[in-house]
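What follows is the content of work_32.cif, which has mmCIF, C-alpha atoms:
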data_data
loop_
_atom_site.label_atom_id
_atom_site.label_comp_id
_atom_site.auth_asym_id
_atom_site.auth_seq_id
_atom_site.Cartn_x
_atom_site.Cartn_y
_atom_site.Cartn_z
CA MET A 236 -59.29 51.18 19.93
CA ALA A 237 -56.49 49.11 21.45
CA THR A 238 -57.68 46.21 23.56
CA ALA A 239 -56.24 45.34 26.99
CA SER A 240 -54.63 42.24 25.50
CA SER A 241 -52.95 44.24 22.71
CA VAL A 242 -51.63 46.75 25.25
CA ARG A 243 -50.23 43.96 27.35
CA SER A 244 -48.69 42.40 24.25
CA SER A 245 -47.03 45.70 23.38
CA GLU A 246 -45.64 46.04 26.90
CA GLN A 247 -44.32 42.49 26.84
CA THR A 248 -42.66 43.04 23.47
CA ARG A 249 -41.00 46.19 24.79
CA SER A 250 -39.80 44.31 27.87
CA LEU A 251 -38.51 41.40 25.82
CA ILE A 252 -36.44 43.71 23.63
CA LEU A 253 -35.09 45.71 26.56
CA ASP A 254 -34.10 42.53 28.41
CA ALA A 255 -32.30 41.21 25.34
CA ILE A 256 -30.35 44.47 25.04
CA ARG A 257 -29.56 44.43 28.78
CA ALA A 258 -28.32 40.85 28.65
CA SER A 259 -26.28 41.34 25.46
CA GLY A 260 -24.48 44.52 26.48
CA ARG A 261 -24.31 45.79 22.89
CA ILE A 262 -26.40 44.40 20.05
CA SER A 263 -27.69 45.41 16.61
CA ARG A 264 -31.31 45.52 15.51
CA VAL A 265 -30.73 42.57 13.18
CA GLU A 266 -29.23 40.49 15.99
CA LEU A 267 -32.14 41.49 18.23
CA ALA A 268 -34.59 40.17 15.66
CA LYS A 269 -32.74 36.85 15.46
CA LYS A 270 -32.45 36.50 19.23
CA SER A 271 -36.02 37.49 20.04
CA GLY A 272 -37.83 35.93 17.10
CA LEU A 273 -39.56 39.26 16.38
CA THR A 274 -39.66 40.91 12.96
CA GLU A 275 -37.17 43.63 12.10
CA ALA A 276 -40.07 46.03 11.61
CA THR A 277 -41.30 45.38 15.17
CA ILE A 278 -37.78 45.77 16.50
CA SER A 279 -37.36 49.12 14.74
CA THR A 280 -40.68 50.44 16.03
CA VAL A 281 -40.01 49.48 19.65
CA VAL A 282 -36.39 50.65 19.53
CA ARG A 283 -37.45 54.09 18.32
CA ARG A 284 -39.91 54.32 21.21
CA VAL A 285 -37.43 53.24 23.85
CA ILE A 286 -34.70 55.54 22.52
CA ALA A 287 -37.21 58.39 22.85
CA GLU A 288 -37.79 57.33 26.45
CA GLY A 289 -34.05 57.58 27.05
CA LEU A 290 -33.66 53.97 28.18
CA ILE A 291 -31.36 52.84 25.36
CA ILE A 292 -28.84 54.61 23.14
CA GLU A 293 -27.11 53.97 19.84
CA THR A 294 -23.42 53.41 20.44
CA GLY A 295 -21.05 52.82 17.56
CA PHE A 296 -21.13 50.20 14.83
CA SER A 297 -20.48 46.49 14.44
CA GLU A 298 -17.53 45.21 12.44
CA SER A 299 -18.13 45.18 8.71
CA THR A 300 -18.92 41.82 7.12
CA GLY A 301 -18.86 43.21 3.61
CA GLY A 302 -22.06 45.21 3.75
CA LYS A 303 -23.26 48.23 5.68
CA ARG A 304 -22.03 48.32 9.28
CA ARG A 305 -24.84 47.80 11.78
CA THR A 306 -25.62 50.35 14.47
CA LEU A 307 -25.28 48.91 17.97
CA LEU A 308 -27.69 49.48 20.83
CA GLU A 309 -27.09 49.35 24.56
CA ILE A 310 -28.89 50.22 27.77
CA ASN A 311 -28.51 53.89 28.73
CA SER A 312 -27.18 52.94 32.14
CA SER A 313 -27.22 56.46 33.57
CA ALA A 314 -30.88 57.05 32.70
CA ARG A 315 -32.20 55.43 35.87
CA HIS A 316 -30.78 54.35 39.20
CA ALA A 317 -32.02 52.36 42.18
CA LEU A 318 -30.91 51.86 45.75
CA GLY A 319 -30.79 48.47 47.43
CA VAL A 320 -30.63 47.76 51.16
CA SER A 321 -29.91 44.47 52.91
CA LEU A 322 -31.53 44.53 56.34
CA ASP A 323 -29.47 42.35 58.64
CA ARG A 324 -28.75 42.10 62.34
CA GLU A 325 -24.98 42.05 61.86
CA ARG A 326 -24.60 44.73 59.19
CA LEU A 327 -26.53 46.94 56.81
CA VAL A 328 -25.41 46.99 53.19
CA LEU A 329 -26.50 49.74 50.81
CA VAL A 330 -25.81 49.78 47.09
CA ALA A 331 -26.58 52.17 44.26
CA ALA A 332 -27.04 50.53 40.86
CA ASP A 333 -27.52 51.94 37.40
CA LEU A 334 -30.05 50.75 34.84
CA SER A 335 -27.75 48.03 33.53
CA GLY A 336 -27.54 46.57 37.03
CA LYS A 337 -23.95 47.67 37.61
CA VAL A 338 -23.19 48.67 41.21
CA VAL A 339 -21.84 52.22 41.07
CA GLY A 340 -21.55 52.78 44.80
CA SER A 341 -21.92 50.96 48.09
CA ALA A 342 -21.72 51.50 51.82
CA GLU A 343 -21.87 49.41 54.97
CA THR A 344 -22.91 50.32 58.50
CA SER A 345 -23.49 48.44 61.70
CA GLY A 346 -26.42 46.02 61.63
CA THR A 347 -29.79 46.54 63.25
CA GLY A 348 -28.86 44.70 66.45
CA ASP A 349 -31.55 45.53 69.00
CA THR A 350 -31.86 49.16 67.88
CA TYR A 351 -35.40 50.51 67.57
CA PRO A 352 -36.60 50.18 63.94
CA GLY A 353 -37.42 53.88 63.60
CA THR A 354 -33.83 54.78 64.40
CA VAL A 355 -32.55 52.29 61.83
CA ILE A 356 -34.92 53.64 59.18
CA LYS A 357 -33.62 57.18 59.73
CA LEU A 358 -30.05 55.87 59.45
CA ILE A 359 -30.85 54.09 56.16
CA ALA A 360 -32.46 57.20 54.67
CA SER A 361 -29.58 59.40 55.77
CA ARG A 362 -26.92 57.01 54.53
CA ALA A 363 -28.73 56.55 51.23
CA ALA A 364 -28.76 60.31 50.63
CA GLU A 365 -25.04 60.48 51.46
CA LEU A 366 -24.30 57.61 49.07
CA LEU A 367 -26.06 59.37 46.20
CA LYS A 368 -23.92 62.47 46.81
CA GLU A 369 -20.72 60.42 47.11
CA VAL A 370 -21.20 58.79 43.71
CA ASN A 371 -22.71 61.91 42.09
CA ILE A 372 -26.12 60.44 41.26
CA ASP A 373 -28.91 62.92 40.59
CA PRO A 374 -31.89 61.93 42.81
CA VAL A 375 -34.17 62.69 39.84
CA THR A 376 -32.90 59.48 38.19
CA VAL A 377 -33.57 57.30 41.26
CA VAL A 378 -36.75 55.26 40.78
CA GLY A 379 -36.90 53.73 44.25
CA ILE A 380 -35.37 51.76 47.09
CA GLY A 381 -35.53 48.01 47.36
CA VAL A 382 -35.21 46.45 50.82
CA ALA A 383 -34.10 42.85 51.27
CA SER A 384 -35.19 41.42 54.61
CA PRO A 385 -35.40 38.09 56.38
CA GLY A 386 -38.88 36.55 56.27
CA PRO A 387 -41.62 36.00 56.89
CA LEU A 388 -42.95 39.29 55.54
CA ASP A 389 -46.23 40.76 54.40
CA THR A 390 -45.97 42.58 51.06
CA ARG A 391 -49.58 43.76 51.33
CA THR A 392 -48.68 46.02 54.24
CA GLY A 393 -44.92 46.33 53.70
CA ALA A 394 -44.17 44.90 57.15
CA LEU A 395 -42.16 42.04 58.63
CA ARG A 396 -43.91 39.18 60.40
CA GLY A 397 -41.05 37.24 61.97
CA HIS A 398 -38.49 37.64 64.74
CA ARG A 399 -35.63 38.74 62.47
CA PRO A 400 -33.62 40.91 62.47
CA SER A 401 -35.13 41.32 65.97
CA SER A 402 -38.56 40.98 67.54
CA ALA A 403 -38.94 44.79 67.54
CA TRP A 404 -39.42 44.70 63.76
CA ARG A 405 -42.51 42.51 63.88
CA ASP A 406 -45.46 44.42 62.33
CA TYR A 407 -43.33 47.55 61.88
CA PRO A 408 -44.54 49.40 58.71
CA LEU A 409 -41.12 49.37 57.08
CA GLU A 410 -42.09 50.43 53.55
CA GLU A 411 -44.28 53.30 54.70
CA ARG A 412 -41.77 54.71 57.20
CA LEU A 413 -38.78 54.47 54.87
CA GLU A 414 -40.75 56.18 52.09
CA VAL A 415 -41.50 59.07 54.43
CA GLN A 416 -37.87 59.35 55.54
CA SER A 417 -36.27 58.96 52.10
CA GLY A 418 -38.84 60.48 49.72
CA PHE A 419 -38.52 57.50 47.37
CA PRO A 420 -40.98 54.67 46.74
CA VAL A 421 -39.92 51.53 48.62
CA VAL A 422 -40.39 47.86 47.77
CA LEU A 423 -39.83 45.17 50.40
CA ASP A 424 -38.96 41.59 49.55
CA ASN A 425 -37.34 38.48 50.99
CA ASP A 426 -33.53 38.56 51.16
CA ALA A 427 -33.16 35.18 49.47
CA THR A 428 -35.51 36.24 46.68
CA CYS A 429 -33.49 39.41 46.18
CA ALA A 430 -30.24 37.43 46.09
CA ALA A 431 -31.67 35.21 43.35
CA LEU A 432 -32.72 38.21 41.28
CA GLY A 433 -29.33 39.82 41.84
CA GLU A 434 -27.57 36.77 40.39
CA TYR A 435 -29.78 36.85 37.30
CA TRP A 436 -29.65 40.60 36.74
CA THR A 437 -25.96 41.34 37.26
CA ASN A 438 -24.64 38.42 35.24
CA ASN A 439 -26.12 39.89 32.04
CA VAL A 440 -27.94 36.74 31.02
CA LEU A 441 -31.22 35.87 29.44
CA VAL A 442 -33.26 33.06 30.92
CA THR A 443 -31.46 29.78 30.21
CA SER A 444 -33.31 27.54 32.66
CA PRO A 445 -37.07 27.53 33.31
CA VAL A 446 -36.49 27.30 37.07
CA SER A 447 -33.46 28.53 39.02
CA ALA A 448 -32.84 28.64 42.75
CA THR A 449 -30.47 30.62 44.97
CA VAL A 450 -29.93 29.42 48.52
CA TYR A 451 -29.14 32.39 50.75
CA MET A 452 -27.57 32.04 54.20
CA ALA A 453 -27.16 34.86 56.73
CA ASP A 454 -28.66 34.31 60.19
CA GLY A 455 -31.20 31.96 58.65
CA ILE A 456 -31.43 29.99 55.43
CA GLY A 457 -33.83 30.79 52.62
CA CYS A 458 -34.13 30.23 48.90
CA GLY A 459 -35.04 32.58 46.07
CA ILE A 460 -36.79 31.00 43.10
CA LEU A 461 -37.04 32.39 39.57
CA VAL A 462 -39.40 30.88 37.00
CA ASP A 463 -38.57 31.96 33.43
CA GLY A 464 -36.77 34.96 34.90
CA ARG A 465 -39.79 35.95 37.00
CA ILE A 466 -39.70 35.91 40.81
CA TYR A 467 -41.83 33.13 42.24
CA HIS A 468 -43.44 34.55 45.37
CA GLY A 469 -46.05 31.98 46.22
CA SER A 470 -49.27 33.30 47.72
CA SER A 471 -47.65 35.68 50.23
CA SER A 472 -44.07 36.38 49.08
CA ASN A 473 -42.69 33.75 51.47
CA ALA A 474 -41.76 30.98 49.06
CA GLY A 475 -38.48 29.06 49.21
CA GLU A 476 -38.04 28.59 52.96
CA VAL A 477 -35.61 25.71 52.55
CA GLY A 478 -34.36 26.39 56.08
CA HIS A 479 -37.69 25.12 57.38
CA ILE A 480 -37.77 21.81 55.59
CA THR A 481 -38.05 19.19 58.33
CA LEU A 482 -35.15 16.77 58.61
CA ASP A 483 -36.34 15.07 61.81
CA ILE A 484 -40.00 15.07 62.87
CA ALA A 485 -38.90 14.27 66.40
CA GLY A 486 -36.15 16.88 66.39
CA PRO A 487 -35.84 20.04 68.47
CA LYS A 488 -38.56 22.70 68.30
CA CYS A 489 -37.93 25.49 65.79
CA HIS A 490 -39.04 29.09 66.19
CA CYS A 491 -41.27 28.58 63.15
CA GLY A 492 -43.39 26.11 65.13
CA SER A 493 -42.15 22.94 63.46
CA ARG A 494 -39.46 20.48 64.57
CA GLY A 495 -36.12 19.36 63.21
CA CYS A 496 -35.81 22.12 60.58
CA VAL A 497 -32.71 22.50 58.40
CA GLU A 498 -31.82 25.77 60.15
CA LEU A 499 -31.54 23.98 63.51
CA TYR A 500 -28.64 21.94 62.12
CA ALA A 501 -27.06 24.04 59.37
CA ALA A 502 -27.53 27.76 60.19
CA PRO A 503 -24.59 29.74 61.67
CA ALA A 504 -26.08 29.81 65.17
CA ALA A 505 -26.41 26.02 65.20
CA VAL A 506 -22.83 25.51 64.04
CA ALA A 507 -21.56 28.01 66.61
CA ALA A 508 -23.47 26.27 69.40
CA ARG A 509 -21.91 22.90 68.54
CA ALA A 510 -18.46 24.47 68.43
CA LEU A 511 -18.90 26.03 71.87
CA ALA A 512 -19.56 22.56 73.26
CA ASN A 513 -15.97 21.70 72.30
CA GLU A 514 -13.72 23.43 74.85
CA ASN A 515 -10.54 22.81 72.90
CA LEU A 516 -11.99 24.25 69.70
CA THR A 517 -13.44 27.20 71.59
CA ARG A 518 -9.99 28.08 72.90
CA GLU A 519 -8.31 27.37 69.59
CA LEU A 520 -10.56 29.70 67.62
CA GLY A 521 -11.21 32.28 70.35
CA LEU A 522 -14.97 31.78 70.34
CA THR A 523 -17.24 33.70 72.71
CA PRO A 524 -20.35 32.28 74.40
CA LYS A 525 -22.45 35.42 73.74
CA VAL A 526 -25.59 34.59 71.73
CA SER A 527 -25.15 37.85 69.82
CA SER A 528 -21.77 36.60 68.60
CA SER A 529 -23.11 33.59 66.68
CA ARG A 530 -22.26 34.97 63.25
CA GLU A 531 -18.81 36.10 64.38
CA ASN A 532 -18.18 32.66 65.87
CA PHE A 533 -19.41 30.99 62.70
CA ASP A 534 -17.00 33.06 60.61
CA ARG A 535 -14.12 32.01 62.86
CA ILE A 536 -15.15 28.36 62.53
CA ALA A 537 -15.39 28.70 58.75
CA LYS A 538 -11.96 30.34 58.64
CA GLY A 539 -10.56 27.57 60.83
CA ALA A 540 -12.03 24.96 58.49
CA VAL A 541 -10.40 26.58 55.48
CA GLN A 542 -7.08 26.96 57.29
CA GLY A 543 -6.85 23.31 58.29
CA SER A 544 -8.52 22.86 61.67
CA THR A 545 -9.82 19.29 61.65
CA ALA A 546 -12.55 19.94 64.20
CA ALA A 547 -13.72 23.12 62.49
CA HIS A 548 -13.72 21.41 59.11
CA ALA A 549 -15.84 18.58 60.52
CA LEU A 550 -18.42 21.06 61.83
CA ILE A 551 -18.70 22.92 58.53
CA THR A 552 -18.90 19.65 56.59
CA GLN A 553 -21.66 18.44 58.91
CA ALA A 554 -23.62 21.66 58.44
CA ALA A 555 -23.21 21.38 54.69
CA ALA A 556 -24.50 17.81 54.77
CA TYR A 557 -27.65 18.87 56.62
CA LEU A 558 -28.21 21.74 54.22
CA ALA A 559 -27.63 19.40 51.30
CA GLU A 560 -30.56 17.26 52.38
CA GLY A 561 -32.85 20.26 52.25
CA ILE A 562 -31.51 21.23 48.83
CA VAL A 563 -32.04 17.70 47.49
CA SER A 564 -35.69 17.94 48.55
CA LEU A 565 -35.94 21.34 46.87
CA SER A 566 -34.38 19.98 43.68
CA ASN A 567 -36.72 17.01 43.62
CA VAL A 568 -39.76 19.28 43.92
CA LEU A 569 -38.63 21.89 41.37
CA ASP A 570 -36.52 19.76 38.99
CA LEU A 571 -33.63 22.22 39.09
CA ASP A 572 -30.67 22.51 36.73
CA GLU A 573 -28.61 24.76 39.01
CA VAL A 574 -28.43 25.83 42.62
CA HIS A 575 -26.54 29.01 43.53
CA LEU A 576 -25.15 29.54 47.04
CA SER A 577 -25.23 33.16 48.15
CA GLY A 578 -24.94 35.34 51.24
CA PRO A 579 -22.50 35.98 54.09
CA GLY A 580 -22.85 32.42 55.39
CA PHE A 581 -20.97 31.13 52.33
CA SER A 582 -18.38 33.91 52.09
CA ILE A 583 -15.53 32.06 53.82
CA ALA A 584 -16.11 28.31 53.53
CA GLY A 585 -18.28 28.40 50.42
CA GLU A 586 -16.15 25.87 48.57
CA ILE A 587 -16.61 23.31 51.34
CA PHE A 588 -20.38 23.78 51.21
CA THR A 589 -20.30 23.57 47.43
CA ASP A 590 -18.37 20.30 47.36
CA VAL A 591 -20.55 18.59 49.98
CA ILE A 592 -23.83 19.77 48.45
CA GLN A 593 -22.72 18.83 44.93
CA GLY A 594 -21.80 15.34 46.09
CA ARG A 595 -25.19 14.82 47.72
CA LEU A 596 -27.03 16.15 44.66
CA ASN A 597 -25.07 13.76 42.45
CA GLU A 598 -26.23 10.76 44.42
CA GLY A 599 -29.57 11.83 45.87
CA THR A 600 -31.71 13.67 43.32
CA PHE A 601 -34.56 11.85 41.64
CA MET A 602 -33.66 13.27 38.22
CA ARG A 603 -29.95 12.40 38.33
CA SER A 604 -30.25 9.76 35.57
CA VAL A 605 -31.77 12.40 33.28
CA HIS A 606 -29.63 15.45 34.04
CA PRO A 607 -27.22 16.71 36.70
CA VAL A 608 -27.94 19.52 39.14
CA HIS A 609 -24.99 21.92 39.36
CA THR A 610 -23.99 23.83 42.50
CA LYS A 611 -22.38 27.24 42.03
CA LEU A 612 -21.11 29.89 44.41
CA SER A 613 -22.46 33.41 44.02
CA THR A 614 -20.50 35.76 41.80
CA ILE A 615 -21.70 38.79 43.77
CA GLY A 616 -20.60 37.92 47.30
CA ASP A 617 -21.89 39.46 50.52
CA GLN A 618 -23.74 42.24 48.68
CA SER A 619 -26.02 39.86 46.78
CA ALA A 620 -29.23 40.64 48.69
CA ALA A 621 -28.73 44.42 48.47
CA VAL A 622 -27.84 44.20 44.77
CA GLY A 623 -30.94 42.10 44.17
CA ALA A 624 -33.09 44.58 46.08
CA ALA A 625 -31.92 47.33 43.71
CA ALA A 626 -32.49 45.01 40.76
CA LEU A 627 -36.05 44.43 41.96
CA VAL A 628 -36.76 48.12 41.47
CA LEU A 629 -34.88 48.31 38.16
CA GLN A 630 -36.71 45.29 36.81
CA HIS A 631 -39.93 47.30 36.88
CA GLN A 632 -38.23 49.79 34.56
CA VAL A 633 -36.51 47.48 32.08
CA THR A 634 -38.56 44.28 32.14
CA PRO A 635 -41.97 44.92 33.69
CA HIS A 636 -43.25 41.67 32.13
CA LEU A 637 -40.89 39.87 34.53
CA ALA A 638 -41.47 42.14 37.52
CA ALA A 639 -43.30 40.88 40.56
CA ARG A 640 -46.86 42.08 40.92
CA SER A 641 -46.88 43.21 44.53
CA ARG A 642 -49.02 45.92 46.08
CA ARG A 643 -46.55 48.34 44.45
CA THR A 644 -47.39 47.84 40.79
CA PRO A 645 -44.87 48.51 38.01
CA GLY A 646 -47.03 51.43 36.89
CA ASN A 647 -46.70 53.12 40.27
CA ILE A 648 -42.94 52.94 40.16
CA GLN A 649 -42.76 54.15 36.54
CA LEU A 650 -44.82 57.22 37.42
CA VAL A 651 -42.06 58.50 39.70
CA ALA A 652 -39.26 57.65 37.27
CA ALA A 653 -39.36 61.16 35.84
CA GLY A 654 -38.51 62.81 39.10
CA HIS A 655 -37.79 62.49 42.79
CA VAL A 656 -40.92 63.28 44.77
CA GLY A 657 -39.34 63.78 48.17
#
Is it possible to give me this structure as structure tokens?
Amino acid sequence: MATASSVRSSEQTRSLILDAIRASGRISRVELAKKSGLTEATISTVVRRVIAEGLIIETGFSESTGGKRRTLLEINSSARHALGVSLDRERLVLVAADLSGKVVGSAETSGTGDTYPGTVIKLIASRAAELLKEVNIDPVTVVGIGVASPGPLDTRTGALRGHRPSSAWRDYPLEERLEVQSGFPVVLDNDATCAALGEYWTNNVLVTSPVSATVYMADGIGCGILVDGRIYHGSSSNAGEVGHITLDIAGPKCHCGSRGCVELYAAPAAVAARALANENLTRELGLTPKVSSSRENFDRIAKGAVQGSTAAHALITQAAAYLAEGIVSLSNVLDLDEVHLSGPGFSIAGEIFTDVIQGRLNEGTFMRSVHPVHTKLSTIGDQSAAVGAAALVLQHQVTPHLAARSRRTPGNIQLVAAGHVG
């Protein structure tokens, strides 16, 4: 009889092989053995099993090196699909991704604003169904919907616990209600965490660093952390709140209950507020004093900074310097090799943020005499959180050994992979 440990070992081996195929694009069994360290016999056994499951396919041959040409394997991208949603006050982003992580369709609608959550949930479910039809995806292949949301959140109940995207969402049973409306299983996670996973998944890479971090900026500032390719959630799925690192213990009061947090100096609303105090800059950039226009104002400031406005550039540089201090603290705690900058907050003036943060990391990290910490802009752009939310669901299919163990276990999601239950 197989023991629990042997079953787990078999599942991990399967996941390891699938992840290597995913990251490689196309690879032979021999190359898989070399890359994974597994025997060719083990590779052959697992490959036969996964081909039977329909998750990988044989596709052509490698170039001849004098002997028999090797059969190449790749992920059967059309075998499974997932939907990802970025829940945001300014805009909702939906993506459909195939099993390889490639985005095959996307849509945007107005953000949540102050709309009642139930109305937004119905909109998401309706728009998701429309998106599947638009890109000709059979719902039978859809294994679930991932939702990326600002924190704090409670993965035990599938509800939000903070004031974003608006206070109306606090304690709203998001997972449960969206499952009812859409007919798909739903997994909720932090937007920064999703952005981090999206970077890893869509770049077709294996784990190259034991710890990686993605700083995500929308209305607030968070950080997604991956450890050996696995999401680090902490005890309640609220890890990585770099926006609530204290810069000044005597600073202004933050909504989180602390004082002098990074967000109070570096988030879009803070930058917009400082800009509005400058009458000349307000006129120059056409800023509006409405609180609801903070992100729009921030984008105008960022655009002004890029286009040569001295005052706007100074504001963005100042915000980047404050954020850099939080990232230095994060790097010192986690001993990072790389920091990725992701989200709509970096979409316009990302290079300014990158330069300032890189400079501060070069001079301020504890480990700088041992190794550098590199700052990189996201390769995904504004869709990073939604893409990562879809990847969160797909990860349960391809690499369950890396998947987060939330109240929705990988087994639960795999059970519905064979068909849409709605």
Convert the output of the PyMOL selection byres ((chain A and resi 388-393) around 12) on the shown file into explicit residues, formatted as number ranges by chain. A: 381-387, 394-400, 404-414, 420-426, 428, 468-474, 639-644
Those same residues, written as an mmCIF file, keeping the file's coordinate frame with C-alpha atoms?
data_model
loop_
_atom_site.group_PDB
_atom_site.id
_atom_site.type_symbol
_atom_site.label_atom_id
_atom_site.label_comp_id
_atom_site.auth_asym_id
_atom_site.auth_seq_id
_atom_site.Cartn_x
_atom_site.Cartn_y
_atom_site.Cartn_z
ATOM 1 C CA GLY A 381 -35.530 48.010 47.360
ATOM 2 C CA VAL A 382 -35.210 46.450 50.820
ATOM 3 C CA ALA A 383 -34.100 42.850 51.270
ATOM 4 C CA SER A 384 -35.190 41.420 54.610
ATOM 5 C CA PRO A 385 -35.400 38.090 56.380
ATOM 6 C CA GLY A 386 -38.880 36.550 56.270
ATOM 7 C CA PRO A 387 -41.620 36.000 56.890
ATOM 8 C CA ALA A 394 -44.170 44.900 57.150
ATOM 9 C CA LEU A 395 -42.160 42.040 58.630
ATOM 10 C CA ARG A 396 -43.910 39.180 60.400
ATOM 11 C CA GLY A 397 -41.050 37.240 61.970
ATOM 12 C CA HIS A 398 -38.490 37.640 64.740
ATOM 13 C CA ARG A 399 -35.630 38.740 62.470
ATOM 14 C CA PRO A 400 -33.620 40.910 62.470
ATOM 15 C CA TRP A 404 -39.420 44.700 63.760
ATOM 16 C CA ARG A 405 -42.510 42.510 63.880
ATOM 17 C CA ASP A 406 -45.460 44.420 62.330
ATOM 18 C CA TYR A 407 -43.330 47.550 61.880
ATOM 19 C CA PRO A 408 -44.540 49.400 58.710
ATOM 20 C CA LEU A 409 -41.120 49.370 57.080
ATOM 21 C CA GLU A 410 -42.090 50.430 53.550
ATOM 22 C CA GLU A 411 -44.280 53.300 54.700
ATOM 23 C CA ARG A 412 -41.770 54.710 57.200
ATOM 24 C CA LEU A 413 -38.780 54.470 54.870
ATOM 25 C CA GLU A 414 -40.750 56.180 52.090
ATOM 26 C CA PRO A 420 -40.980 54.670 46.740
ATOM 27 C CA VAL A 421 -39.920 51.530 48.620
ATOM 28 C CA VAL A 422 -40.390 47.860 47.770
ATOM 29 C CA LEU A 423 -39.830 45.170 50.400
ATOM 30 C CA ASP A 424 -38.960 41.590 49.550
ATOM 31 C CA ASN A 425 -37.340 38.480 50.990
ATOM 32 C CA ASP A 426 -33.530 38.560 51.160
ATOM 33 C CA THR A 428 -35.510 36.240 46.680
ATOM 34 C CA HIS A 468 -43.440 34.550 45.370
ATOM 35 C CA GLY A 469 -46.050 31.980 46.220
ATOM 36 C CA SER A 470 -49.270 33.300 47.720
ATOM 37 C CA SER A 471 -47.650 35.680 50.230
ATOM 38 C CA SER A 472 -44.070 36.380 49.080
ATOM 39 C CA ASN A 473 -42.690 33.750 51.470
ATOM 40 C CA ALA A 474 -41.760 30.980 49.060
ATOM 41 C CA ALA A 639 -43.300 40.880 40.560
ATOM 42 C CA ARG A 640 -46.860 42.080 40.920
ATOM 43 C CA SER A 641 -46.880 43.210 44.530
ATOM 44 C CA ARG A 642 -49.020 45.920 46.080
ATOM 45 C CA ARG A 643 -46.550 48.340 44.450
ATOM 46 C CA THR A 644 -47.390 47.840 40.790
#
As a check of understanding, name the residues that the PyMOL selection byres ((chain A and resi 376) around 6) selects in the supplied structure, as a PyMOL selection string. chain A and resi 315-316+373-375+377
If you apply the PyMOL selection byres ((chain A and resi 268-276) around 12) to this file, what residues do you get, as an MDAnalysis selection string? chainID A and resid 247:256 258:259 262:267 277:283 441
Quick one: of A:Ile460, A:Ala342, A:Met602, A:Val446, who's nearest to A:Glu476, counting only C-alpha atoms? A:Ile460
Nearest residue to A:Leu499 out of A:Ala554, A:Ile310, A:Leu569, A:Val330, using all atoms listed in the file? A:Ala554
What does the distance between atom CA of A:Ser313 and atom CA of A:Ser335 come to in Å, to one decimal place? 8.4 Å
Rounded to one decimal place, report the atom CA of A:Ala317-atom CA of A:Ser361 distance in Å.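 Computing it gives 15.5 Å between the two atoms.
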